[in-house]
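Participant: entry_30.cif is reproduced in full below (mmCIF, C-alpha atoms (C1' of nucleotides)).
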```cif
data_start
loop_
_atom_site.label_atom_id
_atom_site.label_comp_id
_atom_site.auth_asym_id
_atom_site.auth_seq_id
_atom_site.Cartn_x
_atom_site.Cartn_y
_atom_site.Cartn_z
CA MET A 7 5.90 21.69 12.51
CA LYS A 8 7.90 19.80 15.07
CA ARG A 9 7.64 16.08 14.62
CA ILE A 10 6.38 14.35 17.72
CA ASN A 11 8.31 11.50 19.15
CA THR A 12 5.92 8.58 19.18
CA THR A 13 8.35 6.53 21.24
CA HIS A 14 7.78 8.96 24.10
CA PHE A 15 4.08 8.26 24.07
CA ALA A 16 4.57 4.56 23.75
CA ILE A 17 6.69 4.62 26.90
CA LEU A 18 4.18 6.79 28.70
CA GLY A 19 1.40 4.44 27.71
CA LEU A 20 3.20 1.34 28.89
CA LEU A 21 4.22 2.95 32.17
CA ARG A 22 0.61 3.86 32.82
CA ILE A 23 -0.26 0.18 32.71
CA LYS A 24 2.31 -0.45 35.41
CA PRO A 25 5.59 1.09 36.61
CA MET A 26 8.63 -0.63 35.13
CA SER A 27 12.37 -0.38 34.74
CA ALA A 28 13.86 0.35 31.33
CA TYR A 29 14.80 -3.27 30.91
CA GLU A 30 11.35 -4.52 31.82
CA LEU A 31 9.82 -1.94 29.54
CA VAL A 32 11.72 -3.29 26.56
CA LYS A 33 10.79 -6.86 27.40
CA PHE A 34 7.16 -6.03 28.03
CA SER A 35 6.84 -4.04 24.83
CA LYS A 36 8.38 -6.84 22.79
CA GLU A 37 6.03 -9.39 24.27
CA SER A 38 2.86 -7.35 24.07
CA ILE A 39 3.00 -4.97 21.13
CA GLY A 40 6.18 -6.21 19.46
CA LEU A 41 4.34 -7.42 16.39
CA PHE A 42 3.08 -3.99 15.39
CA TRP A 43 5.38 -1.67 17.28
CA ASN A 44 9.18 -1.82 16.99
CA GLU A 45 11.52 -0.11 19.41
CA SER A 46 15.22 -0.54 20.16
CA TYR A 47 16.68 -0.53 23.64
CA GLY A 48 19.01 2.40 23.06
CA HIS A 49 16.18 4.60 21.94
CA ILE A 50 13.89 3.68 24.79
CA HIS A 51 16.67 4.36 27.22
CA LYS A 52 17.38 7.78 25.86
CA SER A 53 13.69 8.61 25.75
CA ILE A 54 13.13 7.64 29.37
CA LYS A 55 15.91 9.98 30.42
CA GLN A 56 14.35 12.79 28.40
CA LEU A 57 10.93 12.10 29.85
CA GLU A 58 12.39 12.11 33.32
CA ALA A 59 14.13 15.45 32.75
CA GLU A 60 10.83 16.79 31.46
CA GLY A 61 8.91 15.57 34.49
CA SER A 62 6.63 13.18 32.62
CA VAL A 63 7.96 10.09 34.35
CA SER A 64 9.69 9.75 37.70
CA VAL A 65 11.66 7.19 39.63
CA VAL A 66 9.23 5.23 41.74
CA GLU A 67 11.59 2.78 43.34
CA GLU A 68 15.29 2.31 43.33
CA ALA A 69 17.19 -0.69 44.62
CA GLU A 70 20.57 0.52 45.81
CA THR A 71 21.75 -2.72 47.29
CA GLY A 72 22.82 -5.66 45.18
CA ARG A 73 21.44 -5.71 41.67
CA ARG A 74 20.62 -2.27 40.40
CA LYS A 75 17.11 -1.55 39.37
CA ILE A 76 15.38 1.72 38.64
CA VAL A 77 11.64 1.56 38.34
CA TYR A 78 9.90 4.42 36.55
CA GLY A 79 6.32 5.51 36.84
CA ILE A 80 4.19 8.01 34.94
CA THR A 81 3.49 11.39 36.55
CA GLY A 82 0.32 13.46 36.43
CA GLN A 83 1.87 15.62 33.74
CA GLY A 84 2.85 12.54 31.76
CA CYS A 85 -0.70 11.28 32.02
CA ASP A 86 -2.06 14.53 30.65
CA GLN A 87 0.38 14.44 27.75
CA LEU A 88 -0.58 10.87 27.00
CA ASP A 89 -4.27 11.69 27.00
CA ALA A 90 -3.68 14.62 24.67
CA TRP A 91 -1.81 12.31 22.28
CA LEU A 92 -4.49 9.64 22.45
CA ALA A 93 -7.07 12.22 21.38
CA GLN A 94 -5.18 12.94 18.17
CA LYS A 95 -5.92 11.05 15.01
CA PRO A 96 -3.33 8.27 14.65
CA GLU A 97 -0.75 8.61 11.89
CA GLU A 98 -0.94 6.19 9.01
CA SER A 99 0.87 3.03 9.86
CA VAL A 100 4.39 2.60 8.61
CA MET A 101 5.71 -0.71 7.41
CA ARG A 102 8.92 -1.98 5.94
CA ASN A 103 8.66 -5.49 4.68
CA GLU A 104 11.86 -6.58 2.99
CA LEU A 105 10.46 -9.87 1.81
CA LEU A 106 7.72 -8.12 -0.16
CA MET A 107 10.20 -5.60 -1.50
CA LYS A 108 12.50 -8.39 -2.66
CA ILE A 109 9.66 -10.18 -4.37
CA PHE A 110 8.66 -7.02 -6.16
CA VAL A 111 12.10 -6.33 -7.58
CA SER A 112 13.03 -9.96 -8.31
CA GLU A 113 13.29 -11.54 -11.72
CA GLU A 114 12.55 -15.08 -12.78
CA ARG A 115 16.04 -16.33 -11.97
CA HIS A 116 15.63 -15.34 -8.30
CA ILE A 117 12.58 -17.49 -7.73
CA PRO A 118 14.34 -20.44 -6.04
CA GLN A 119 15.69 -18.06 -3.43
CA LEU A 120 12.34 -16.46 -2.90
CA VAL A 121 10.80 -19.87 -2.33
CA ALA A 122 13.31 -20.54 0.44
CA PHE A 123 12.56 -17.18 2.06
CA LEU A 124 8.84 -17.78 1.84
CA GLU A 125 9.23 -21.13 3.56
CA GLU A 126 11.15 -19.50 6.38
CA GLU A 127 8.56 -16.76 6.70
CA LEU A 128 5.78 -19.34 6.80
CA GLU A 129 7.51 -21.29 9.53
CA ALA A 130 8.29 -18.18 11.58
CA SER A 131 4.69 -16.98 11.31
CA ARG A 132 3.37 -20.34 12.46
CA GLN A 133 5.62 -20.27 15.48
CA TYR A 134 4.61 -16.73 16.34
CA ALA A 135 0.96 -17.65 15.98
CA ALA A 136 1.45 -20.49 18.44
CA ILE A 137 2.97 -18.10 20.97
CA LEU A 138 0.08 -15.67 20.60
CA ALA A 139 -2.42 -18.46 21.10
CA GLY A 140 -0.66 -19.21 24.37
CA ILE A 141 -0.77 -15.61 25.53
CA LYS A 142 -4.46 -15.29 24.77
CA GLY A 143 -5.46 -17.50 27.67
CA SER A 144 -3.41 -15.55 30.16
CA VAL A 145 -4.74 -12.04 29.56
CA PRO A 146 -5.70 -10.69 32.97
CA GLY A 147 -8.74 -8.59 33.72
CA GLY A 148 -11.39 -11.05 32.62
CA GLU A 149 -14.35 -9.15 31.29
CA SER A 150 -13.15 -5.61 31.90
CA LYS A 151 -13.15 -3.08 29.11
CA GLN A 152 -9.41 -2.82 29.54
CA ALA A 153 -8.97 -6.53 28.89
CA GLN A 154 -11.22 -6.16 25.86
CA LEU A 155 -8.85 -3.61 24.39
CA TRP A 156 -5.87 -5.87 24.91
CA LEU A 157 -7.71 -8.79 23.37
CA LEU A 158 -8.45 -6.61 20.36
CA THR A 159 -4.75 -6.00 19.74
CA LEU A 160 -4.05 -9.68 20.28
CA ASP A 161 -6.80 -10.50 17.83
CA TYR A 162 -5.19 -8.22 15.30
CA GLY A 163 -1.95 -10.13 15.75
CA GLU A 164 -3.70 -13.43 15.17
CA ARG A 165 -5.45 -12.21 12.06
CA TYR A 166 -2.26 -10.68 10.75
CA LEU A 167 -0.35 -13.91 11.18
CA ARG A 168 -3.14 -16.02 9.73
CA MET A 169 -3.22 -13.75 6.70
CA THR A 170 0.55 -13.97 6.34
CA ILE A 171 0.50 -17.76 6.58
CA GLU A 172 -2.22 -18.07 3.96
CA TRP A 173 -0.46 -15.67 1.64
CA CYS A 174 2.84 -17.53 2.00
CA GLN A 175 1.10 -20.78 1.12
CA HIS A 176 -0.52 -19.18 -1.88
CA ALA A 177 2.79 -17.68 -3.00
CA LEU A 178 4.58 -21.00 -2.65
CA GLU A 179 1.90 -22.77 -4.67
CA THR A 180 2.14 -20.17 -7.39
CA LEU A 181 5.91 -20.22 -7.58
CA ASN A 182 6.22 -23.98 -7.41
CA GLN A 183 4.05 -24.49 -10.46
CA PRO A 184 6.65 -25.55 -13.07
CA HIS A 185 5.34 -23.39 -15.86
CA ARG A 186 1.82 -22.27 -16.43
CA GLY A 187 -0.59 -24.97 -15.32
CA ARG A 188 -0.46 -26.63 -18.73
CA THR A 189 1.99 -29.28 -17.59
CA ASN A 190 1.51 -32.81 -18.93
CA ASP A 191 -0.21 -34.46 -15.95
CA MET B 12 28.67 -4.51 11.65
CA LYS B 13 27.76 -1.68 9.32
CA ARG B 14 24.05 -1.36 8.91
CA ILE B 15 23.00 -1.63 5.31
CA ASN B 16 20.83 1.02 3.82
CA THR B 17 17.78 -0.79 2.54
CA THR B 18 16.60 2.34 0.78
CA HIS B 19 19.59 2.00 -1.54
CA PHE B 20 18.51 -1.44 -2.60
CA ALA B 21 14.92 -0.42 -2.98
CA ILE B 22 16.02 2.30 -5.40
CA LEU B 23 18.28 -0.08 -7.25
CA GLY B 24 15.46 -2.58 -7.54
CA LEU B 25 12.98 -0.05 -8.88
CA LEU B 26 15.48 1.36 -11.36
CA ARG B 27 16.11 -2.12 -12.67
CA ILE B 28 12.46 -2.36 -13.60
CA LYS B 29 12.84 0.82 -15.62
CA PRO B 30 14.96 3.98 -15.59
CA MET B 31 13.28 6.85 -13.80
CA SER B 32 13.84 10.32 -12.43
CA ALA B 33 13.83 10.87 -8.68
CA TYR B 34 10.35 12.29 -8.86
CA GLU B 35 9.01 9.39 -10.87
CA LEU B 36 10.74 6.98 -8.52
CA VAL B 37 8.89 8.38 -5.54
CA LYS B 38 5.58 8.27 -7.37
CA PHE B 39 6.13 4.78 -8.68
CA SER B 40 7.18 3.44 -5.31
CA LYS B 41 4.15 4.95 -3.61
CA GLU B 42 1.83 3.44 -6.16
CA SER B 43 3.37 0.01 -6.32
CA ILE B 44 4.94 -0.89 -3.00
CA GLY B 45 3.69 1.99 -0.89
CA LEU B 46 1.53 -0.23 1.28
CA PHE B 47 4.44 -2.25 2.65
CA TRP B 48 7.40 0.01 1.95
CA ASN B 49 7.60 3.60 3.14
CA GLU B 50 10.09 6.11 1.86
CA SER B 51 10.31 9.88 1.97
CA TYR B 52 11.35 12.04 -0.93
CA GLY B 53 14.27 13.67 0.87
CA HIS B 54 15.80 10.37 1.68
CA ILE B 55 15.38 8.93 -1.78
CA HIS B 56 16.92 12.02 -3.24
CA LYS B 57 19.98 11.83 -0.99
CA SER B 58 20.33 8.12 -1.65
CA ILE B 59 20.26 8.54 -5.42
CA LYS B 60 23.08 11.04 -5.18
CA GLN B 61 25.10 8.62 -3.07
CA LEU B 62 24.41 5.77 -5.44
CA GLU B 63 25.47 7.92 -8.34
CA ALA B 64 28.73 8.90 -6.61
CA GLU B 65 29.31 5.22 -5.95
CA GLY B 66 28.70 4.23 -9.54
CA SER B 67 25.67 2.05 -8.90
CA VAL B 68 23.31 4.25 -10.87
CA SER B 69 24.02 6.70 -13.66
CA VAL B 70 22.28 9.44 -15.53
CA VAL B 71 20.66 7.92 -18.57
CA GLU B 72 18.99 10.95 -20.00
CA GLU B 73 18.95 14.59 -19.12
CA ALA B 74 16.63 17.22 -20.47
CA GLU B 75 18.48 20.53 -20.48
CA THR B 76 15.88 22.54 -22.31
CA GLY B 77 12.67 23.60 -20.70
CA ARG B 78 11.55 21.50 -17.76
CA ARG B 79 14.43 19.82 -15.99
CA LYS B 80 14.42 16.09 -15.80
CA ILE B 81 17.20 13.71 -14.84
CA VAL B 82 16.53 10.07 -15.56
CA TYR B 83 18.65 7.53 -13.69
CA GLY B 84 19.37 3.95 -14.64
CA ILE B 85 21.05 1.09 -12.85
CA THR B 86 24.63 0.20 -13.82
CA GLY B 87 26.22 -3.25 -14.03
CA GLN B 88 27.77 -2.70 -10.65
CA GLY B 89 24.44 -1.68 -9.19
CA CYS B 90 22.88 -4.80 -10.64
CA ASP B 91 25.49 -6.98 -8.96
CA GLN B 92 24.96 -5.25 -5.64
CA LEU B 93 21.24 -5.72 -5.96
CA ASP B 94 21.60 -9.41 -6.72
CA ALA B 95 23.89 -9.86 -3.72
CA TRP B 96 21.28 -8.20 -1.51
CA LEU B 97 18.46 -10.27 -2.94
CA ALA B 98 20.37 -13.42 -2.03
CA GLN B 99 20.47 -12.43 1.62
CA LYS B 100 17.76 -13.52 4.00
CA PRO B 101 15.32 -10.62 4.38
CA GLU B 102 15.24 -8.81 7.70
CA GLU B 103 12.17 -9.20 9.85
CA SER B 104 9.55 -6.73 8.82
CA VAL B 105 9.21 -3.55 10.79
CA MET B 106 5.87 -1.98 11.53
CA ARG B 107 4.63 0.98 13.46
CA ASN B 108 0.94 1.06 13.82
CA GLU B 109 -0.18 3.97 15.97
CA LEU B 110 -3.80 2.92 16.02
CA LEU B 111 -2.92 -0.44 17.56
CA MET B 112 -0.56 1.22 20.02
CA LYS B 113 -3.28 3.64 21.07
CA ILE B 114 -5.75 0.85 21.57
CA PHE B 115 -3.27 -1.05 23.69
CA VAL B 116 -2.60 1.84 26.06
CA SER B 117 -6.14 3.20 26.20
CA GLU B 118 -8.49 2.96 29.11
CA GLU B 119 -12.25 2.61 29.17
CA ARG B 120 -12.84 6.36 29.02
CA HIS B 121 -11.02 6.59 25.67
CA ILE B 122 -13.28 4.15 23.88
CA PRO B 123 -15.50 6.71 22.09
CA GLN B 124 -12.39 8.20 20.49
CA LEU B 125 -11.11 4.80 19.48
CA VAL B 126 -14.42 4.04 17.82
CA ALA B 127 -14.07 7.16 15.70
CA PHE B 128 -10.53 6.23 14.72
CA LEU B 129 -11.56 2.70 13.83
CA GLU B 130 -14.31 4.02 11.59
CA GLU B 131 -11.82 6.21 9.76
CA GLU B 132 -9.40 3.32 9.41
CA LEU B 133 -12.16 1.11 8.06
CA GLU B 134 -13.15 3.69 5.49
CA ALA B 135 -9.56 4.36 4.43
CA SER B 136 -8.88 0.64 4.04
CA ARG B 137 -11.97 0.19 1.90
CA GLN B 138 -10.88 3.00 -0.37
CA TYR B 139 -7.38 1.62 -0.68
CA ALA B 140 -8.77 -1.81 -1.46
CA ALA B 141 -10.83 -0.33 -4.26
CA ILE B 142 -7.72 1.26 -5.73
CA LEU B 143 -5.82 -2.03 -5.62
CA ALA B 144 -8.65 -3.84 -7.31
CA GLY B 145 -8.34 -1.32 -10.12
CA ILE B 146 -4.62 -1.79 -10.45
CA LYS B 147 -4.92 -5.55 -10.60
CA GLY B 148 -6.41 -5.49 -14.05
CA SER B 149 -3.68 -3.32 -15.45
CA VAL B 150 -0.61 -5.32 -14.48
CA PRO B 151 1.42 -5.72 -17.64
CA GLY B 152 3.28 -8.83 -18.68
CA GLY B 153 0.37 -11.22 -18.82
CA GLU B 154 1.53 -14.67 -17.87
CA SER B 155 5.21 -13.99 -17.39
CA LYS B 156 6.95 -15.03 -14.20
CA GLN B 157 7.72 -11.38 -13.63
CA ALA B 158 4.06 -10.47 -13.71
CA GLN B 159 3.39 -13.35 -11.33
CA LEU B 160 5.74 -11.81 -8.78
CA TRP B 161 4.02 -8.45 -9.03
CA LEU B 162 0.65 -10.07 -8.68
CA LEU B 163 1.89 -11.78 -5.55
CA THR B 164 2.71 -8.48 -3.89
CA LEU B 165 -0.60 -7.08 -5.03
CA ASP B 166 -2.32 -10.12 -3.59
CA TYR B 167 -0.57 -9.48 -0.30
CA GLY B 168 -1.93 -5.96 -0.32
CA GLU B 169 -5.45 -7.19 -0.96
CA ARG B 170 -5.25 -9.77 1.82
CA TYR B 171 -3.76 -7.24 4.18
CA LEU B 172 -6.53 -4.77 3.55
CA ARG B 173 -9.24 -7.40 3.76
CA MET B 174 -7.81 -8.51 7.10
CA THR B 175 -7.70 -4.93 8.33
CA ILE B 176 -11.28 -4.30 7.27
CA GLU B 177 -12.55 -7.43 8.99
CA TRP B 178 -10.63 -6.63 12.14
CA CYS B 179 -11.96 -3.08 12.23
CA GLN B 180 -15.49 -4.39 11.91
CA HIS B 181 -14.89 -6.87 14.68
CA ALA B 182 -13.35 -4.20 16.90
CA LEU B 183 -16.26 -1.83 16.29
CA GLU B 184 -18.77 -4.54 17.14
CA THR B 185 -16.92 -5.35 20.33
CA LEU B 186 -16.60 -1.76 21.46
CA ASN B 187 -20.14 -0.80 20.56
CA GLN B 188 -21.64 -3.47 22.78
CA PRO B 189 -23.00 -1.38 25.69
CA HIS B 190 -21.68 -3.59 28.47
CA ARG B 191 -21.04 -7.29 28.35
CA GLY B 192 -23.62 -9.00 26.21
CA ARG B 193 -25.92 -9.42 29.19
CA THR B 194 -27.91 -6.33 28.26
CA ASN B 195 -31.67 -6.46 28.74
CA ASP B 196 -32.76 -7.22 25.20
"C1'" DC C 10 33.70 -21.27 37.31
"C1'" DG C 11 31.71 -20.09 33.19
"C1'" DT C 12 27.62 -18.98 30.90
"C1'" DA C 13 23.23 -17.02 30.49
"C1'" DG C 14 20.13 -13.72 31.89
"C1'" DC C 15 19.26 -9.36 34.46
"C1'" DA C 16 20.30 -4.59 34.44
"C1'" DT C 17 22.05 0.17 33.29
"C1'" DG C 18 24.29 3.12 30.47
"C1'" DT C 19 26.80 5.77 26.43
"C1'" DA C 20 28.93 7.18 22.11
"C1'" DA C 21 29.07 7.20 17.41
"C1'" DG C 22 27.06 6.99 13.58
"C1'" DT C 23 23.36 6.30 10.13
"C1'" DT C 24 18.86 6.82 8.63
"C1'" DG C 25 14.93 9.28 7.65
"C1'" DT C 26 11.68 13.46 7.78
"C1'" DT C 27 10.25 18.05 7.36
"C1'" DA C 28 10.18 22.37 5.72
"C1'" DC C 29 11.68 25.20 2.62
"C1'" DA C 30 13.40 27.33 -1.95
"C1'" DT C 31 13.13 27.33 -6.84
"C1'" DG C 32 11.15 27.23 -11.26
"C1'" DA C 33 8.59 25.19 -15.54
"C1'" DT C 34 4.24 23.68 -17.54
"C1'" DT C 35 -0.56 22.70 -18.09
"C1'" DC C 36 -5.26 23.68 -17.67
"C1'" DG C 37 -9.40 25.97 -16.49
"C1'" DC D 7 -3.58 34.50 -14.19
"C1'" DG D 8 -3.85 31.36 -10.50
"C1'" DA D 9 -3.71 26.75 -9.03
"C1'" DA D 10 -2.13 22.21 -9.58
"C1'" DT D 11 1.28 19.21 -10.88
"C1'" DC D 12 5.87 18.28 -12.49
"C1'" DA D 13 10.51 18.59 -11.04
"C1'" DT D 14 15.02 19.21 -8.47
"C1'" DG D 15 17.39 20.30 -4.62
"C1'" DT D 16 19.15 21.32 0.39
"C1'" DA D 17 19.67 22.19 5.31
"C1'" DA D 18 18.43 21.19 9.74
"C1'" DC D 19 17.31 18.13 12.71
"C1'" DA D 20 15.06 14.29 14.87
"C1'" DA D 21 14.78 9.41 15.20
"C1'" DC D 22 16.87 5.26 15.64
"C1'" DT D 23 20.39 1.42 15.76
"C1'" DT D 24 24.51 -0.73 16.87
"C1'" DA D 25 28.23 -1.90 19.37
"C1'" DC D 26 30.28 -1.58 23.32
"C1'" DA D 27 31.31 -1.20 28.50
"C1'" DT D 28 30.09 -2.56 33.04
"C1'" DG D 29 28.71 -5.52 36.73
"C1'" DC D 30 25.49 -8.44 39.40
"C1'" DT D 31 23.13 -13.06 40.13
"C1'" DA D 32 21.55 -17.66 39.47
"C1'" DC D 33 22.33 -22.06 37.87
"C1'" DG D 34 24.37 -26.17 36.28
#
```
Can you turn what I pasted into structure tokens?
Facilitator:
Amino acid sequence: MKRINTTHFAILGLLRIKPMSAYELVKFSKESIGLFWNESYGHIHKSIKQLEAEGSVSVVEEAETGRRKIVYGITGQGCDQLDAWLAQKPEESVMRNELLMKIFVSEERHIPQLVAFLEEELEASRQYAAILAGIKGSVPGGESKQAQLWLLTLDYGERYLRMTIEWCQHALETLNQPHRGRTND
Amino acid sequence: MKRINTTHFAILGLLRIKPMSAYELVKFSKESIGLFWNESYGHIHKSIKQLEAEGSVSVVEEAETGRRKIVYGITGQGCDQLDAWLAQKPEESVMRNELLMKIFVSEERHIPQLVAFLEEELEASRQYAAILAGIKGSVPGGESKQAQLWLLTLDYGERYLRMTIEWCQHALETLNQPHRGRTND
DNA sequence: CGTAGCATGTAAGTTGTTACATGATTCG
DNA sequence: CGAATCATGTAACAACTTACATGCTACG
């Protein structure tokens, strides 16, 4: 069975929201779904070209003068493909969390390092959470169903970060306990 | 800058816990860190061979008679490599969640499908959470620091699943509201 | 005028998955 | 005996990342 390229569908999906250039696509995807969907520029670029050759996206607007800019839009065919993909049961989510991996394979002597990493993770998560809180107010569409869907993904991000923050705090408390709670205080 | 193969270090880390065959390695990794660390058998297999050629792991035990079985262990060199990797700041975690992606790019007409997917996700998360709860009791090592680290990763899993379950419930409530709360009840 | 950000593009390489082939053992 | 699980292995290929090259524009 041929594996399906999920990046293709991600691009199709984002272009259905609004036509964009490759560069804008990367930026938009980072800002909107970056927390739970990773893509690299090189791959997006290649995929757009493939999708264009296939007739699933097309050039909507091209600035020849001055700064180059090629805006792509989704075609009717692309829309159909996207809908067919949306109807399929989503694959199990894939995750690669190095911090967790490191914790799992660490030994007692590595704990001071882990504590430093956990502190960084905690700080980074707090910052990210602050950014998301800012975005929340600016979601367009008001009460539309569409806006509801976006808010749902944003809400996931908030919950995910809150969970991460709480877990980091718990981990730091656990690892900072000198021995086993039976200290002489 | 040469990209570093994180799979290599994952294997090294797991083999430091105990020597294992490739098959056992895959099983063990799925059962212990599978929630936040994905690997495929083919890749693990190839990586073990590379690590062996490199001298970072070695064959500890080989059953020639009857059922084949090749048990690998970490070498001193492998241990040093692993420690050097552990000392490096972990990369940002990578995630690819198709369900979230689909929600983000869906339109109002796709909502019934999304509801079905969310129900499946909710059920799957509940089942996984039940499995983790079972594992929790059987973590060996009692009060050792080592056991504490494992419990921390297990705790992450539990929090992650709890978060997912709550979010699914919230999403289902939101999407099952007929219109906008101003229904005639 | 230099730096940062906007913008497109490619080549080379690595990483990771799937599907398959093989065969032993255990258990109903 | 047939199915499930244990167990190793490979080839083909798809997915993905990185580093680089290029050049415009705005701003301080």
Participant: In Å to one decimal, how far is CA of Trp91 in chain A from CA of Phe15 in chain A?
Facilitator: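 Atom-to-atom, CA of Phe15 in chain A and CA of Trp91 in chain A are spaced 7.4 Å apart.
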Participant: Name the residues that the PyMOL selection byres ((chain D) within 10 of (chain A)) picks from the file above, as a PyMOL selection string, using the file's chain letters and numbers.
Facilitator: chain D and resi 19-24+29-31
Participant: Per residue of chain C within 10 Å of chain B, record the nearest atom pair and its distance in Å to one decimal, counting all atoms listed in the file, with rows in chain order and ascending residue number, as JSON lines.
Facilitator:
```
{"residue": "C:DG22", "atom": "C1'", "partner": "B:Lys13", "partner_atom": "CA", "distance": 9.7}
{"residue": "C:DT23", "atom": "C1'", "partner": "B:Arg14", "partner_atom": "CA", "distance": 7.8}
{"residue": "C:DT24", "atom": "C1'", "partner": "B:Asn16", "partner_atom": "CA", "distance": 7.8}
{"residue": "C:DG25", "atom": "C1'", "partner": "B:His54", "partner_atom": "CA", "distance": 6.1}
{"residue": "C:DT26", "atom": "C1'", "partner": "B:Ser51", "partner_atom": "CA", "distance": 7.0}
{"residue": "C:DT27", "atom": "C1'", "partner": "B:Gly53", "partner_atom": "CA", "distance": 8.8}
{"residue": "C:DG32", "atom": "C1'", "partner": "B:Arg78", "partner_atom": "CA", "distance": 8.7}
{"residue": "C:DA33", "atom": "C1'", "partner": "B:Arg78", "partner_atom": "CA", "distance": 5.2}
{"residue": "C:DT34", "atom": "C1'", "partner": "B:Arg78", "partner_atom": "CA", "distance": 7.6}
```
Participant: For range 175-191 of chain B, find every residue with an atom within 10 Å (counting all atoms listed in the file), except residues of its own chain fewer than 4 positions away, and show them as number ranges by chain.
Facilitator: A: 149-151, 154-155, 157-159, 161-162, 165-166; B: 119, 122-123, 125-137, 140, 169-171
Participant: Skipping near chain neighbours, those fewer than 5 positions away, what residues fall within 7 Å of Met31 in chain B using only C-alpha atoms (C1' of nucleotides), listed as an MDAnalysis selection string?
Facilitator: chainID B and resid 26 36 82:84
Participant: Provide as number ranges by chain the residues of chain A at most 6 Å from chain B, counting only C-alpha atoms.
Facilitator: A: 19, 42-43, 96, 99-105, 110-111, 113-114, 151-152, 156
Participant: List, as a PyMOL selection string, every residue that the PyMOL selection byres ((chain D and resi 7) around 12) selects in the file provided.
Facilitator: (chain C and resi 36-37) or (chain D and resi 8-9)
Participant: Distance C1' of DT31 in chain C-C1' of DT14 in chain D, one decimal place?
Facilitator: 8.5 Å
Participant: On this structure, which residues satisfy the PyMOL selection byres ((chain C and resi 19) around 9), written as a PyMOL selection string?
Facilitator: (chain C and resi 18+20) or (chain D and resi 26-27)
Participant: Do you have the CA of Glu30 in chain A-C1' of DT28 in chain D distance handy?
Facilitator: 18.9 Å
Participant: Go through B:Lys29, B:Lys57, B:His19, B:Lys80 one by one, measure the shortest atom-to-atom distance of each to DC12 in chain D using all atoms listed in the file, and give the residue with the smallest value.
Facilitator: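 Smallest separation from DC12 in chain D among the options: B:Lys80.
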Participant: Around range 106-117 of chain A, fit a box with edges along x, y and z, padding it by 3 Å on each side, then list its centre and edge lengths in Å to one decimal as lines of an AutoDock Vina configuration file.
Facilitator:
```
center_x = 11.9
center_y = -11.5
center_z = -6.5
size_x = 14.3
size_y = 17.9
size_z = 18.6
```
Participant: Please write C-alpha atoms of range 13-25 of chain B, from the structure given just now, as a PDB file, in the first residue's frame.
Facilitator:
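Result file decode.pdb:
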```
ATOM      1  CA  LYS B  13      25.534  16.572  10.365  1.00  0.00           C
ATOM      2  CA  ARG B  14      22.164  15.673  11.707  1.00  0.00           C
ATOM      3  CA  ILE B  15      22.381  13.226  14.562  1.00  0.00           C
ATOM      4  CA  ASN B  16      20.368  10.082  14.461  1.00  0.00           C
ATOM      5  CA  THR B  17      18.267  10.144  17.580  1.00  0.00           C
ATOM      6  CA  THR B  18      17.173   6.577  16.982  1.00  0.00           C
ATOM      7  CA  HIS B  19      20.755   5.510  17.642  1.00  0.00           C
ATOM      8  CA  PHE B  20      20.708   7.083  21.057  1.00  0.00           C
ATOM      9  CA  ALA B  21      17.305   5.717  21.864  1.00  0.00           C
ATOM     10  CA  ILE B  22      18.615   2.224  21.157  1.00  0.00           C
ATOM     11  CA  LEU B  23      21.739   2.840  23.174  1.00  0.00           C
ATOM     12  CA  GLY B  24      19.653   4.106  26.062  1.00  0.00           C
ATOM     13  CA  LEU B  25      17.326   1.126  26.050  1.00  0.00           C
TER      14      LEU B  25
END
```
